[in-house]
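Everything below concerns the one structure shown next.
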Amino acid sequence: MMHFPSRRTVLGAASAVTLLALTACGNVAGGSSDSSKYPNGPVNLTVGQAAGGSTDLIARAISEGASKSLGAPMPVVNKPGANGALATKEVAGKPADGQNLLLVTASLVTITPLAVTADEAVNIDDLDIIAGLSQDDYVLVASKASGFNSIKDLTGAGRNITFGTTGVGTGSQLAQTVLFKQAGVKGTDVPFDSGKPALTAVLGNQVEVSTIQLGEAMPQIQAGKVAPLLVFSEERNSFLPDVPTAKESGYDVPVAQYRAVAAPKGTPKDVKDKLLAAIQETFKSDSYKEFNKKNMLTPKEISGEEVVTQWKEYAAKYKSLVEKYDISLSGTK
């Protein structure tokens, strides 16, 4: 945005020349940027979720590798709120010089718009997507007290089921709500603000089942404290090969969490190229590959253009499911 001085009654010729020179250079407040010298100081990577969750951990793994290639620090800045919408809109409004980036989640631009008003929704076209990162699958887990050890146990229970989700407008909520609609299961939705409290609620039998990202649920699955009923990915997850997918079980609910690195719209191409090269170098590192394996993340290291195409397809798919089953993710129906 350009900033002009307030109107004065008399503007001297020298002042006018100065103003014209400044405006010709571009943004008066920030000045013009020389992308050949990029990066010019720390490159902030903002995360719209709290520290410690999957999205935050992925951001820190990316920043650790990319900062080495860029030759500049890449501090991770956590600004939780509105499922990441507040952070996204803040970064989208920053100067398009590559100094401020965003770790954006697919659910924010494909599912959350189904739960909020148009002015609250985030549009992927307001960002420049640099690269896709990984796929984080959702798994439906049941408490030991529920007695559910398979999806058939749940669908045949013949009673109302209490289920937790990781929040309003998330992939967790969409996957579980559509599953219950398709299976004819009556349920009470209990939204939490992330995966950790949703999992804690299952462990304490405050809710009988919950849909949680695999990396968060796996330690409790391995400990035998919760039972995995199905995963919502297109194919079986390699970390849970014996657990069927929703599609295998007869339900058309392909939902996963995807993440990407984004920049404000209009970021110069050569800056984006440098960022992409740094991220791709990170992908190749043994430490990053080990990070993905440890956190049960499936690499989905695709171009920004592919991210935009695929996420728009997911958005259309999810919208059609919500409309078909007359679902309100905001809880207004």
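Residue numbering restarts at 1 in every chain; chains get A, B, ... in the order shown in the structure tokens, and ligands count up from 1 in that same order.
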
Using 9 Å as the limit and counting only C-alpha atoms, can you tabulate each residue of range 167-212 of chain A that touches range 98-107 of chain A, with its shortest atom-to-atom distance in Å and the two atoms involved, as JSON lines?
```
{"residue": "A:Gly169", "atom": "CA", "partner": "A:Ser107", "partner_atom": "CA", "distance": 7.4}
{"residue": "A:Thr170", "atom": "CA", "partner": "A:Ser107", "partner_atom": "CA", "distance": 5.7}
{"residue": "A:Gly171", "atom": "CA", "partner": "A:Ser107", "partner_atom": "CA", "distance": 5.8}
```

Give me the residues within 7 Å of Pro42 in chain A as number ranges by chain, counting only C-alpha atoms and dropping any in the same chain fewer than 3 places off. A: 72-74, 99

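Going from CA of Gln206 in chain A to CA of Asn149 in chain A covers 17.5 Å.
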
Tell me which protein, DNA and RNA residues are within 9 Å of Leu174 in chain A, counting only C-alpha atoms, leaving out same-chain ones fewer than 3 positions away, and put them as an mmCIF file with N, CA and C atoms, in the first residue's frame.
```
data_model
loop_
_atom_site.group_PDB
_atom_site.id
_atom_site.type_symbol
_atom_site.label_atom_id
_atom_site.label_comp_id
_atom_site.auth_asym_id
_atom_site.auth_seq_id
_atom_site.Cartn_x
_atom_site.Cartn_y
_atom_site.Cartn_z
ATOM 1 N N ILE A 111 -11.765 -26.304 4.142
ATOM 2 C CA ILE A 111 -12.850 -26.736 5.036
ATOM 3 C C ILE A 111 -13.387 -25.601 5.893
ATOM 4 N N THR A 165 -13.716 -33.688 18.172
ATOM 5 C CA THR A 165 -13.000 -33.255 16.974
ATOM 6 C C THR A 165 -11.940 -32.234 17.388
ATOM 7 N N VAL A 168 -13.812 -26.583 15.170
ATOM 8 C CA VAL A 168 -14.798 -26.221 14.155
ATOM 9 C C VAL A 168 -14.080 -25.868 12.854
ATOM 10 N N GLY A 169 -14.554 -26.425 11.740
ATOM 11 C CA GLY A 169 -13.969 -26.114 10.441
ATOM 12 C C GLY A 169 -12.678 -26.844 10.156
ATOM 13 N N THR A 170 -12.422 -27.955 10.848
ATOM 14 C CA THR A 170 -11.199 -28.728 10.630
ATOM 15 C C THR A 170 -11.502 -30.008 9.853
ATOM 16 N N GLY A 171 -10.448 -30.639 9.344
ATOM 17 C CA GLY A 171 -10.614 -31.909 8.655
ATOM 18 C C GLY A 171 -11.150 -32.976 9.576
ATOM 19 N N THR A 177 -18.005 -36.083 10.865
ATOM 20 C CA THR A 177 -19.411 -35.746 10.664
ATOM 21 C C THR A 177 -19.964 -36.421 9.417
ATOM 22 N N VAL A 178 -19.200 -36.378 8.318
ATOM 23 C CA VAL A 178 -19.654 -37.031 7.083
ATOM 24 C C VAL A 178 -19.735 -38.545 7.277
ATOM 25 N N LEU A 179 -18.755 -39.123 7.961
ATOM 26 C CA LEU A 179 -18.790 -40.569 8.238
ATOM 27 C C LEU A 179 -20.068 -40.947 8.974
ATOM 28 N N VAL A 253 -15.199 -40.776 2.349
ATOM 29 C CA VAL A 253 -14.718 -39.676 3.189
ATOM 30 C C VAL A 253 -13.192 -39.571 3.091
ATOM 31 N N VAL A 255 -10.308 -37.580 3.567
ATOM 32 C CA VAL A 255 -9.887 -36.312 4.167
ATOM 33 C C VAL A 255 -8.527 -36.506 4.826
ATOM 34 N N TYR A 318 -15.267 -31.263 -0.701
ATOM 35 C CA TYR A 318 -15.802 -31.118 0.650
ATOM 36 C C TYR A 318 -17.110 -30.321 0.634
ATOM 37 N N VAL A 322 -20.761 -31.644 2.101
ATOM 38 C CA VAL A 322 -21.520 -30.891 3.096
ATOM 39 C C VAL A 322 -22.930 -30.591 2.581
ATOM 40 N N LEU A 329 -21.092 -27.270 9.531
ATOM 41 C CA LEU A 329 -19.901 -27.390 10.353
ATOM 42 C C LEU A 329 -19.860 -26.323 11.448
#
```

Among the residues of range 94-274 of chain A, find those DSSP assigns to strand (DSSP E or B) from the backbone and print them as an MDAnalysis selection string. chainID A and resid 100:105 127:143 161:165 187:191 209:213 226:231 245 256:264

Next, dump the selected residues to file, keeping only C-alpha atoms, as a short mmCIF file (atom, residue, chain, number, x, y, z; two decimals), in the first residue's frame.
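Below is the file again.cif, written as the result:
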```cif
data_model
loop_
_atom_site.label_atom_id
_atom_site.label_comp_id
_atom_site.auth_asym_id
_atom_site.auth_seq_id
_atom_site.Cartn_x
_atom_site.Cartn_y
_atom_site.Cartn_z
CA ASN A 100 7.58 -13.02 5.95
CA LEU A 101 6.31 -16.51 5.19
CA LEU A 102 3.44 -18.67 6.39
CA LEU A 103 3.02 -22.36 7.17
CA VAL A 104 -0.53 -22.78 5.83
CA THR A 105 -2.81 -25.80 6.34
CA LEU A 127 -1.20 -16.04 -1.24
CA ASP A 128 1.73 -17.23 -3.34
CA ILE A 129 2.25 -20.89 -2.52
CA ILE A 130 5.94 -21.83 -2.58
CA ALA A 131 5.81 -25.61 -2.03
CA GLY A 132 3.73 -28.42 -0.60
CA LEU A 133 5.27 -30.30 2.32
CA SER A 134 3.53 -33.40 3.62
CA GLN A 135 0.34 -35.34 4.24
CA ASP A 136 -0.87 -35.92 7.79
CA ASP A 137 -3.58 -38.59 7.93
CA TYR A 138 -6.53 -38.60 10.30
CA VAL A 139 -7.35 -41.71 12.32
CA LEU A 140 -10.60 -42.45 14.15
CA VAL A 141 -9.77 -43.77 17.62
CA ALA A 142 -12.04 -45.16 20.33
CA SER A 143 -11.72 -45.20 24.10
CA ILE A 161 -22.20 -41.66 20.21
CA THR A 162 -20.24 -38.79 21.72
CA PHE A 163 -17.35 -37.80 19.46
CA GLY A 164 -14.57 -35.28 19.77
CA THR A 165 -13.00 -33.25 16.97
CA GLY A 187 -23.71 -38.53 17.45
CA THR A 188 -22.98 -35.52 19.63
CA ASP A 189 -20.09 -33.36 18.40
CA VAL A 190 -17.71 -32.08 21.08
CA PRO A 191 -15.17 -29.72 19.44
CA VAL A 209 -14.34 -41.64 19.78
CA SER A 210 -12.37 -38.87 18.15
CA THR A 211 -10.69 -38.18 14.82
CA ILE A 212 -7.10 -37.08 15.37
CA GLN A 213 -3.97 -36.70 13.29
CA VAL A 226 -7.03 -46.27 22.37
CA ALA A 227 -8.25 -48.45 19.51
CA PRO A 228 -7.80 -47.29 15.88
CA LEU A 229 -11.00 -47.95 13.91
CA LEU A 230 -10.14 -46.52 10.48
CA VAL A 231 -8.05 -43.92 8.66
CA THR A 245 -9.55 -46.81 5.26
CA ALA A 256 -6.29 -35.62 5.18
CA GLN A 257 -4.35 -32.62 6.42
CA TYR A 258 -1.86 -31.07 4.01
CA ARG A 259 0.54 -28.21 4.62
CA ALA A 260 2.49 -25.78 2.47
CA VAL A 261 4.80 -22.80 2.73
CA ALA A 262 3.30 -19.57 1.39
CA ALA A 263 4.27 -15.92 0.91
CA PRO A 264 2.29 -12.70 0.39
#
```
